[in-house]
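Okay, final27.cif now, which holds mmCIF, C-alpha atoms:
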```cif
data_coords
#
loop_
_atom_site.group_PDB
_atom_site.id
_atom_site.type_symbol
_atom_site.label_atom_id
_atom_site.label_comp_id
_atom_site.auth_asym_id
_atom_site.auth_seq_id
_atom_site.Cartn_x
_atom_site.Cartn_y
_atom_site.Cartn_z
ATOM 1 C CA MET A 14 117.599 72.221 38.545
ATOM 2 C CA SER A 15 120.454 72.847 36.098
ATOM 3 C CA PHE A 16 121.216 74.708 32.888
ATOM 4 C CA VAL A 17 122.310 72.973 29.687
ATOM 5 C CA THR A 18 124.207 74.921 27.008
ATOM 6 C CA MET A 19 123.122 74.589 23.389
ATOM 7 C CA ASP A 20 125.534 74.682 20.431
ATOM 8 C CA ASP A 21 124.925 78.415 19.924
ATOM 9 C CA GLY A 22 125.609 79.300 23.547
ATOM 10 C CA VAL A 23 121.978 79.625 24.692
ATOM 11 C CA ARG A 24 121.452 78.010 28.100
ATOM 12 C CA LEU A 25 118.221 76.146 28.833
ATOM 13 C CA TRP A 26 116.751 75.712 32.304
ATOM 14 C CA THR A 27 116.059 72.034 33.035
ATOM 15 C CA GLU A 28 114.607 69.918 35.837
ATOM 16 C CA THR A 29 114.738 66.143 36.295
ATOM 17 C CA THR A 30 112.709 63.970 38.654
ATOM 18 C CA GLY A 31 112.726 60.201 39.124
ATOM 19 C CA ARG A 32 114.976 57.494 37.733
ATOM 20 C CA GLY A 33 114.443 54.898 35.024
ATOM 21 C CA ALA A 34 113.083 54.945 31.482
ATOM 22 C CA PRO A 35 113.401 58.549 30.194
ATOM 23 C CA VAL A 36 110.729 60.916 28.953
ATOM 24 C CA VAL A 37 111.053 64.620 28.223
ATOM 25 C CA LEU A 38 108.016 66.887 28.592
ATOM 26 C CA LEU A 39 107.467 69.757 26.149
ATOM 27 C CA HIS A 40 105.439 72.747 27.319
ATOM 28 C CA GLY A 41 103.061 74.721 25.148
ATOM 29 C CA GLY A 42 102.517 78.311 24.148
ATOM 30 C CA PRO A 43 104.402 78.837 22.030
ATOM 31 C CA GLY A 44 106.373 81.294 24.146
ATOM 32 C CA LEU A 45 105.379 80.082 27.615
ATOM 33 C CA TRP A 46 107.432 78.178 30.219
ATOM 34 C CA ASP A 47 107.434 74.765 31.835
ATOM 35 C CA TYR A 48 104.237 74.187 33.845
ATOM 36 C CA LEU A 49 104.216 70.398 33.558
ATOM 37 C CA GLY A 50 105.383 69.452 37.051
ATOM 38 C CA PRO A 51 101.936 68.001 37.914
ATOM 39 C CA LEU A 52 102.035 65.910 34.731
ATOM 40 C CA ALA A 53 105.515 64.626 35.560
ATOM 41 C CA GLY A 54 104.247 63.114 38.784
ATOM 42 C CA LEU A 55 101.662 60.991 36.956
ATOM 43 C CA PHE A 56 104.182 58.734 35.191
ATOM 44 C CA GLY A 57 104.814 56.763 38.369
ATOM 45 C CA ASP A 58 107.904 54.862 39.494
ATOM 46 C CA GLY A 59 110.693 53.717 37.206
ATOM 47 C CA VAL A 60 110.618 56.824 35.017
ATOM 48 C CA ALA A 61 113.086 59.684 34.710
ATOM 49 C CA VAL A 62 111.065 62.769 33.740
ATOM 50 C CA HIS A 63 112.950 65.689 32.194
ATOM 51 C CA ARG A 64 111.412 69.151 31.830
ATOM 52 C CA PHE A 65 112.824 72.399 30.475
ATOM 53 C CA ASP A 66 111.969 75.915 29.361
ATOM 54 C CA GLN A 67 112.257 76.261 25.600
ATOM 55 C CA ARG A 68 114.797 78.791 24.345
ATOM 56 C CA GLY A 69 113.862 82.405 24.968
ATOM 57 C CA CYS A 70 111.174 81.341 27.432
ATOM 58 C CA GLY A 71 110.792 81.294 31.204
ATOM 59 C CA ARG A 72 114.089 80.778 32.978
ATOM 60 C CA SER A 73 116.061 79.922 29.833
ATOM 61 C CA TRP A 74 118.302 82.460 28.162
ATOM 62 C CA PRO A 75 116.947 84.856 25.497
ATOM 63 C CA SER A 76 117.089 83.766 21.868
ATOM 64 C CA ASP A 77 115.893 85.220 18.567
ATOM 65 C CA GLU A 78 116.120 81.775 16.940
ATOM 66 C CA GLN A 79 112.480 80.726 17.020
ATOM 67 C CA ARG A 80 111.943 77.957 14.494
ATOM 68 C CA LEU A 81 110.696 74.385 14.817
ATOM 69 C CA ASP A 82 113.938 72.938 13.452
ATOM 70 C CA ARG A 83 115.914 74.916 16.037
ATOM 71 C CA LEU A 84 113.749 73.560 18.869
ATOM 72 C CA VAL A 85 114.136 70.041 17.454
ATOM 73 C CA ALA A 86 117.916 70.531 17.441
ATOM 74 C CA ASP A 87 117.770 71.649 21.077
ATOM 75 C CA LEU A 88 115.994 68.400 21.962
ATOM 76 C CA GLU A 89 118.729 66.356 20.304
ATOM 77 C CA ILE A 90 121.380 68.233 22.268
ATOM 78 C CA LEU A 91 119.471 67.544 25.487
ATOM 79 C CA ARG A 92 119.184 63.838 24.630
ATOM 80 C CA ARG A 93 122.931 63.564 24.088
ATOM 81 C CA HIS A 94 123.659 65.625 27.199
ATOM 82 C CA TRP A 95 121.616 63.247 29.362
ATOM 83 C CA GLY A 96 123.246 60.243 27.691
ATOM 84 C CA TYR A 97 120.309 58.410 26.126
ATOM 85 C CA GLU A 98 120.392 56.317 22.986
ATOM 86 C CA ARG A 99 116.591 56.459 22.842
ATOM 87 C CA TRP A 100 113.922 58.162 24.891
ATOM 88 C CA SER A 101 110.268 59.223 24.751
ATOM 89 C CA VAL A 102 108.733 62.660 24.325
ATOM 90 C CA ALA A 103 105.376 63.937 25.544
ATOM 91 C CA GLY A 104 104.200 67.375 24.502
ATOM 92 C CA HIS A 105 101.246 69.471 25.631
ATOM 93 C CA SER A 106 99.398 71.932 23.355
ATOM 94 C CA PHE A 107 102.066 73.493 21.084
ATOM 95 C CA GLY A 108 104.500 71.081 22.707
ATOM 96 C CA ALA A 109 102.512 68.237 21.130
ATOM 97 C CA THR A 110 103.295 69.682 17.702
ATOM 98 C CA LEU A 111 106.959 69.975 18.655
ATOM 99 C CA ALA A 112 106.925 66.328 19.769
ATOM 100 C CA LEU A 113 105.685 65.254 16.333
ATOM 101 C CA ALA A 114 108.266 67.459 14.611
ATOM 102 C CA TYR A 115 110.983 65.736 16.620
ATOM 103 C CA ALA A 116 109.509 62.324 15.798
ATOM 104 C CA GLY A 117 109.589 63.159 12.111
ATOM 105 C CA ALA A 118 113.228 64.226 12.264
ATOM 106 C CA HIS A 119 114.582 61.554 14.641
ATOM 107 C CA PRO A 120 112.335 58.468 14.664
ATOM 108 C CA ASP A 121 115.277 56.204 15.483
ATOM 109 C CA ARG A 122 115.763 58.042 18.780
ATOM 110 C CA LEU A 123 112.214 57.522 19.992
ATOM 111 C CA ALA A 124 110.345 54.774 21.794
ATOM 112 C CA TRP A 125 107.020 56.570 22.241
ATOM 113 C CA VAL A 126 105.323 59.947 21.702
ATOM 114 C CA GLY A 127 102.603 61.437 23.879
ATOM 115 C CA TYR A 128 100.477 64.022 22.062
ATOM 116 C CA LEU A 129 98.429 65.802 24.741
ATOM 117 C CA SER A 130 95.768 68.431 24.112
ATOM 118 C CA GLY A 131 97.034 69.409 20.679
ATOM 119 C CA THR A 132 95.172 70.967 17.781
ATOM 120 C CA GLY A 133 95.286 68.034 15.366
ATOM 121 C CA LEU A 134 94.731 68.381 11.633
ATOM 122 C CA GLY A 135 92.470 70.665 9.639
ATOM 123 C CA ASP A 136 90.515 73.726 10.738
ATOM 124 C CA TRP A 137 90.440 73.612 14.536
ATOM 125 C CA ARG A 138 90.210 77.382 15.049
ATOM 126 C CA THR A 139 86.566 77.764 14.002
ATOM 127 C CA GLY A 140 85.324 75.242 16.543
ATOM 128 C CA TYR A 141 87.715 76.498 19.212
ATOM 129 C CA ARG A 142 86.636 80.127 18.869
ATOM 130 C CA ALA A 143 82.956 79.218 18.944
ATOM 131 C CA GLU A 144 83.362 77.191 22.146
ATOM 132 C CA ARG A 145 85.612 79.814 23.744
ATOM 133 C CA ASP A 146 83.045 82.519 23.020
ATOM 134 C CA ARG A 147 80.273 80.322 24.423
ATOM 135 C CA ARG A 148 82.142 80.053 27.718
ATOM 136 C CA MET A 149 82.618 83.827 28.059
ATOM 137 C CA THR A 150 80.158 86.574 28.832
ATOM 138 C CA ALA A 151 79.951 89.598 26.540
ATOM 139 C CA GLY A 152 81.628 91.655 29.244
ATOM 140 C CA GLU A 153 84.511 89.208 29.616
ATOM 141 C CA SER A 154 85.026 89.099 25.871
ATOM 142 C CA ALA A 155 85.050 92.899 25.646
ATOM 143 C CA ARG A 156 87.508 93.183 28.536
ATOM 144 C CA LEU A 157 89.860 90.632 26.966
ATOM 145 C CA ALA A 158 89.844 92.602 23.715
ATOM 146 C CA GLU A 159 90.441 95.854 25.602
ATOM 147 C CA LEU A 160 93.428 94.456 27.497
ATOM 148 C CA GLY A 161 94.819 92.775 24.393
ATOM 149 C CA ALA A 162 94.844 96.081 22.519
ATOM 150 C CA LEU A 163 96.977 97.863 25.131
ATOM 151 C CA PRO A 164 100.561 98.502 23.953
ATOM 152 C CA VAL A 165 101.820 97.979 27.520
ATOM 153 C CA ARG A 166 100.043 96.272 30.418
ATOM 154 C CA SER A 167 100.683 96.741 34.121
ATOM 155 C CA PRO A 168 101.409 93.573 36.138
ATOM 156 C CA GLU A 169 97.795 93.559 37.360
ATOM 157 C CA GLN A 170 96.468 94.035 33.831
ATOM 158 C CA GLU A 171 98.736 91.257 32.547
ATOM 159 C CA ARG A 172 97.417 88.786 35.121
ATOM 160 C CA GLU A 173 93.841 89.725 34.251
ATOM 161 C CA PHE A 174 94.581 89.399 30.538
ATOM 162 C CA ARG A 175 96.070 85.927 30.953
ATOM 163 C CA THR A 176 93.253 84.760 33.207
ATOM 164 C CA LEU A 177 90.616 85.878 30.716
ATOM 165 C CA ALA A 178 92.531 84.253 27.863
ATOM 166 C CA TRP A 179 92.971 80.932 29.658
ATOM 167 C CA PHE A 180 89.933 80.297 31.857
ATOM 168 C CA THR A 181 87.904 78.974 28.924
ATOM 169 C CA ASP A 182 90.358 76.072 28.572
ATOM 170 C CA HIS A 183 88.959 74.173 31.546
ATOM 171 C CA ALA A 184 85.972 71.850 31.475
ATOM 172 C CA ASP A 185 85.260 72.371 35.185
ATOM 173 C CA ARG A 186 83.603 75.763 34.939
ATOM 174 C CA GLU A 187 83.379 76.174 38.728
ATOM 175 C CA ARG A 188 87.173 76.062 39.097
ATOM 176 C CA ALA A 189 88.153 77.422 35.682
ATOM 177 C CA TRP A 190 88.818 80.980 36.846
ATOM 178 C CA GLU A 191 90.797 79.795 39.891
ATOM 179 C CA TRP A 192 93.061 77.571 37.794
ATOM 180 C CA ALA A 193 93.595 80.195 35.107
ATOM 181 C CA ALA A 194 94.453 82.794 37.748
ATOM 182 C CA GLN A 195 97.040 80.443 39.250
ATOM 183 C CA ASP A 196 98.704 80.008 35.860
ATOM 184 C CA ALA A 197 98.467 83.740 35.138
ATOM 185 C CA ALA A 198 100.473 84.536 38.275
ATOM 186 C CA ALA A 199 103.634 82.882 36.907
ATOM 187 C CA PRO A 200 106.469 85.461 37.164
ATOM 188 C CA TYR A 201 107.618 85.118 33.554
ATOM 189 C CA GLU A 202 106.933 87.165 30.452
ATOM 190 C CA ILE A 203 105.215 85.587 27.491
ATOM 191 C CA ASN A 204 107.588 85.534 24.515
ATOM 192 C CA TRP A 205 105.258 86.959 21.893
ATOM 193 C CA VAL A 206 107.893 86.793 19.141
ATOM 194 C CA ALA A 207 108.223 83.055 19.693
ATOM 195 C CA ASN A 208 104.446 82.776 19.887
ATOM 196 C CA ARG A 209 103.865 84.430 16.512
ATOM 197 C CA ARG A 210 106.710 82.786 14.610
ATOM 198 C CA LEU A 211 106.228 79.248 15.864
ATOM 199 C CA ALA A 212 102.426 79.317 15.719
ATOM 200 C CA THR A 213 102.628 80.449 12.086
ATOM 201 C CA GLU A 214 105.126 77.741 11.214
ATOM 202 C CA ALA A 215 103.130 75.040 13.021
ATOM 203 C CA ALA A 216 99.965 76.042 11.169
ATOM 204 C CA ASP A 217 101.694 75.353 7.852
ATOM 205 C CA TRP A 218 102.999 71.922 8.834
ATOM 206 C CA PRO A 219 102.051 69.570 5.952
ATOM 207 C CA GLU A 220 99.827 66.567 6.593
ATOM 208 C CA ALA A 221 102.154 64.482 4.411
ATOM 209 C CA ASP A 222 104.842 64.809 7.091
ATOM 210 C CA VAL A 223 102.436 63.455 9.707
ATOM 211 C CA ARG A 224 101.749 60.340 7.635
ATOM 212 C CA ARG A 225 105.470 59.504 7.597
ATOM 213 C CA ILE A 226 105.858 59.398 11.417
ATOM 214 C CA ALA A 227 106.340 55.689 12.096
ATOM 215 C CA VAL A 228 106.590 55.923 15.901
ATOM 216 C CA PRO A 229 103.893 54.857 18.416
ATOM 217 C CA VAL A 230 101.894 57.986 19.236
ATOM 218 C CA SER A 231 99.257 58.229 21.963
ATOM 219 C CA VAL A 232 96.900 61.079 21.075
ATOM 220 C CA ILE A 233 95.286 62.156 24.360
ATOM 221 C CA HIS A 234 92.551 64.780 24.462
ATOM 222 C CA GLY A 235 90.018 66.038 26.961
ATOM 223 C CA ALA A 236 86.430 65.901 25.758
ATOM 224 C CA GLY A 237 85.915 69.293 27.427
ATOM 225 C CA ASP A 238 88.862 70.991 25.719
ATOM 226 C CA PRO A 239 87.522 73.813 23.538
ATOM 227 C CA ARG A 240 89.884 72.642 20.795
ATOM 228 C CA PRO A 241 87.661 70.189 18.900
ATOM 229 C CA VAL A 242 88.261 66.493 19.350
ATOM 230 C CA GLY A 243 87.480 65.915 15.666
ATOM 231 C CA SER A 244 90.745 67.547 14.619
ATOM 232 C CA VAL A 245 92.851 65.360 16.901
ATOM 233 C CA ALA A 246 90.886 62.292 15.813
ATOM 234 C CA ALA A 247 91.853 63.145 12.230
ATOM 235 C CA LEU A 248 95.488 63.333 13.319
ATOM 236 C CA ALA A 249 95.316 59.983 15.089
ATOM 237 C CA GLY A 250 93.843 58.479 11.936
ATOM 238 C CA ALA A 251 96.603 59.934 9.766
ATOM 239 C CA LEU A 252 99.439 58.636 11.930
ATOM 240 C CA PRO A 253 100.691 55.169 10.925
ATOM 241 C CA ASP A 254 100.802 54.084 14.580
ATOM 242 C CA GLY A 255 98.485 56.565 16.283
ATOM 243 C CA ARG A 256 95.925 55.767 18.996
ATOM 244 C CA LEU A 257 93.247 58.193 20.192
ATOM 245 C CA HIS A 258 92.312 58.388 23.885
ATOM 246 C CA VAL A 259 89.532 60.809 24.882
ATOM 247 C CA LEU A 260 89.173 61.689 28.574
ATOM 248 C CA GLU A 261 85.590 62.538 29.493
ATOM 249 C CA GLY A 262 85.197 65.540 31.769
ATOM 250 C CA ALA A 263 88.712 66.837 31.107
ATOM 251 C CA GLY A 264 89.702 70.129 29.522
ATOM 252 C CA HIS A 265 92.927 71.442 28.034
ATOM 253 C CA HIS A 266 94.895 70.521 31.203
ATOM 254 C CA PRO A 267 93.605 66.995 31.878
ATOM 255 C CA TRP A 268 95.928 66.489 34.870
ATOM 256 C CA ARG A 269 93.747 68.991 36.735
ATOM 257 C CA GLU A 270 90.307 67.540 36.137
ATOM 258 C CA ARG A 271 91.132 63.859 35.554
ATOM 259 C CA PRO A 272 94.536 63.150 37.163
ATOM 260 C CA GLY A 273 93.669 59.571 38.062
ATOM 261 C CA GLU A 274 92.473 58.631 34.590
ATOM 262 C CA LEU A 275 95.373 60.419 32.884
ATOM 263 C CA GLY A 276 97.948 58.848 35.166
ATOM 264 C CA GLY A 277 96.538 55.403 34.618
ATOM 265 C CA LEU A 278 96.592 55.936 30.873
ATOM 266 C CA LEU A 279 100.198 57.160 30.858
ATOM 267 C CA ARG A 280 101.326 54.191 32.909
ATOM 268 C CA GLU A 281 99.459 51.842 30.569
ATOM 269 C CA VAL A 282 100.410 53.199 27.144
ATOM 270 C CA GLY A 283 103.465 55.334 27.877
ATOM 271 C CA ILE A 284 107.063 54.460 28.443
ATOM 272 C CA PRO A 285 106.569 52.271 31.540
ATOM 273 C CA ALA A 286 104.751 49.808 29.279
ATOM 274 C CA GLN A 287 108.158 48.918 27.831
ATOM 275 C CA GLY A 288 109.116 47.253 31.088
ATOM 276 C CA LYS A 289 111.397 48.351 33.877
ATOM 277 C CA SER A 290 114.291 46.374 32.411
ATOM 278 C CA TRP A 291 114.419 48.618 29.334
ATOM 279 C CA ASP A 292 117.752 50.466 29.264
ATOM 280 C CA PRO A 293 117.729 53.635 27.120
ATOM 281 C CA ARG A 294 121.439 54.338 27.476
ATOM 282 C CA PRO A 295 124.092 53.273 24.942
ATOM 283 C CA PRO A 296 125.375 49.728 25.467
ATOM 284 C CA ARG A 297 128.561 49.478 27.469
ATOM 285 C CA GLY A 298 131.450 47.078 27.086
ATOM 286 C CA PRO A 299 131.984 44.169 29.469
ATOM 287 C CA SER A 300 132.743 45.124 33.034
ATOM 288 C CA PRO A 301 136.218 44.403 34.445
ATOM 289 C CA GLY A 302 136.518 40.690 35.129
ATOM 290 C CA GLY A 303 133.224 40.002 33.383
#
```

Please express what this file holds, its structure, as structure tokens.
Amino acid sequence: MSFVTMDDGVRLWTETTGRGAPVVLLHGGPGLWDYLGPLAGLFGDGVAVHRFDQRGCGRSWPSDEQRLDRLVADLEILRRHWGYERWSVAGHSFGATLALAYAGAHPDRLAWVGYLSGTGLGDWRTGYRAERDRRMTAGESARLAELGALPVRSPEQEREFRTLAWFTDHADRERAWEWAAQDAAAPYEINWVANRRLATEAADWPEADVRRIAVPVSVIHGAGDPRPVGSVAALAGALPDGRLHVLEGAGHHPWRERPGELGGLLREVGIPAQGKSWDPRPPRGPSPGG
């Protein structure tokens, strides 16, 4: 664990595991914190996996600068800090949108993009809300609305609110509440300012920008994610080098329900596919005596 200072003085919490071809994981929200440790372990050997809390979130320092271009700039600073000429990015949920934004701005710095459990193109909210409501009882829906309307929530109310908001994300309905409760217990505040600003900006992202992303993109989606697969299929079709991979029986966090299938897919189509001899760092001059 270490902190990396951005050009405006904000310090970001980071974590690195493994050695080899580099990938950075981008958490969702917006306004949450890194929860992608289980995903990091699925890339296998020969991979250096970097994770971090986005500015103003989790263990990173506070920041009022909540814009996509600012988060993209943070990623470039992290790339230079870690010393890579090129690397790969894999984002989950909102992080998938951020990964595409980075790809659009810096395609020459990328080898591969993983787009996991995103929202795709077009109207995804109608289908998502219908499926979310189907997975909730009337009492659960009423309680979620009641807790959401409170100006201040106690720690117990906050955990209940998060659990109710998140348990519909999982395809395994027998373990959905357990998993959501585990995530809800994280000791960090949700950055609602970041959530509102970045979600609004991401919703207005033009499709024309997507069609200009000339980087290999693996669009990975759980068939049991309440966010409709049709929207991510449309995104995969719009990308010049996009490939859609649907995981049956998986929800919004496919590493929970289908870790074996997801890990196999990442090792097949992700950065390890470039070969262990791939060196992402800038070329060095000849060694002494060489």

Given the PyMOL selection byres ((chain A and resi 275) around 10), the residues it picks as a PyMOL selection string
chain A and resi 52+55-56+233-235+258-260+263+267-274+276-281

Can you translate the PyMOL selection byres ((chain A and resi 210) around 12) into the concrete residues it hits in this file, as JSON, numbers by chain?
{"A": [42, 43, 44, 77, 78, 79, 80, 81, 204, 205, 206, 207, 208, 209, 211, 212, 213, 214, 215, 216, 217]}

I'd like the contact shell of region 130-137 of chain A - 8 Å cut-off, all atoms listed in the file, skipping same-chain residues fewer than 6 positions apart - returned as a list in words.
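The residues that qualify are His105, Ser106, Phe107, Gly108, Ala109, Thr110, Glu220, Ile233, His234, Gly235, Asp238, Arg240, Pro241, Ser244, Val245, Ala246, Ala247, Leu248, His265 and His266 of chain A.
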
With only C-alpha atoms counted, which protein, DNA or RNA residues have an atom no more than 12 Å from (85.1, 88.6, 29.2) in the file frame? Please answer as a VMD selection string.
chain A and resid 145 to 161 173 to 181 190

Selected residue of minimal separation from Gly264 (chain A) among A:Asp182, A:Asp196, A:Glu187, A:Asp21, counting only C-alpha atoms
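Using only C-alpha atoms, the shortest distance to Gly264 (chain A) belongs to A:Asp182.
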
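Take the candidates A:Pro120, A:Gly50, A:Pro219, A:Gly127 and check each one against Thr29 (chain A) using all atoms listed in the file; the shortest distance goes to A:Gly50.
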
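You will find CA of Leu38 (chain A) at 5.6 Å from CA of Gly104 (chain A).
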
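Checking A:Asp58, A:Gly140, A:Ala251, A:Tyr115 one by one against Arg92 (chain A), counting only C-alpha atoms, you find the shortest gap at A:Tyr115.
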
In Å, rounded to a single decimal, give me how far CA of Gln195 (chain A) is from CA of Arg172 (chain A).
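Between these atoms lies a distance of 9.3 Å.
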
Axis-aligned box over every listed atom of region 210-218 of chain A, padded by 8 Å per side: centre and edges in Å to one decimal, as AutoDock Vina command-line options?
```
--center_x 103.3 --center_y 77.4 --center_z 11.9 --size_x 22.7 --size_y 26.9 --size_z 24.0
```

Between A:Val230, A:Ala184, A:Ala221, A:Ile90, which residue has the minimum interatomic distance to Val102 (chain A), considering only C-alpha atoms?
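The answer is A:Val230, which sits nearest to Val102 (chain A).
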
Quick one, how far is CA of Arg64 (chain A) from CA of Ala227 (chain A)?
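That distance, rounded to one decimal, is 24.4 Å.
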
All residues 8 Å or closer to Ser73 (chain A), all atoms listed in the file, same chain fewer than 2 positions away omitted, as a ChimeraX atom specification:
/A:16,23-26,66-71,75

Which residue out of A:Arg72, A:His94, A:Glu171, A:Ala124 has the minimum interatomic distance to Trp46 (chain A) when only C-alpha atoms are used?
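Of the candidates, the smallest distance to Trp46 (chain A) is held by A:Arg72.
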
With distances taken over only C-alpha atoms, which residue among A:Glu98, A:Gly33, A:Ser76, A:His119 lies nearest Gly59 (chain A)?
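The answer is A:Gly33, which sits nearest to Gly59 (chain A).
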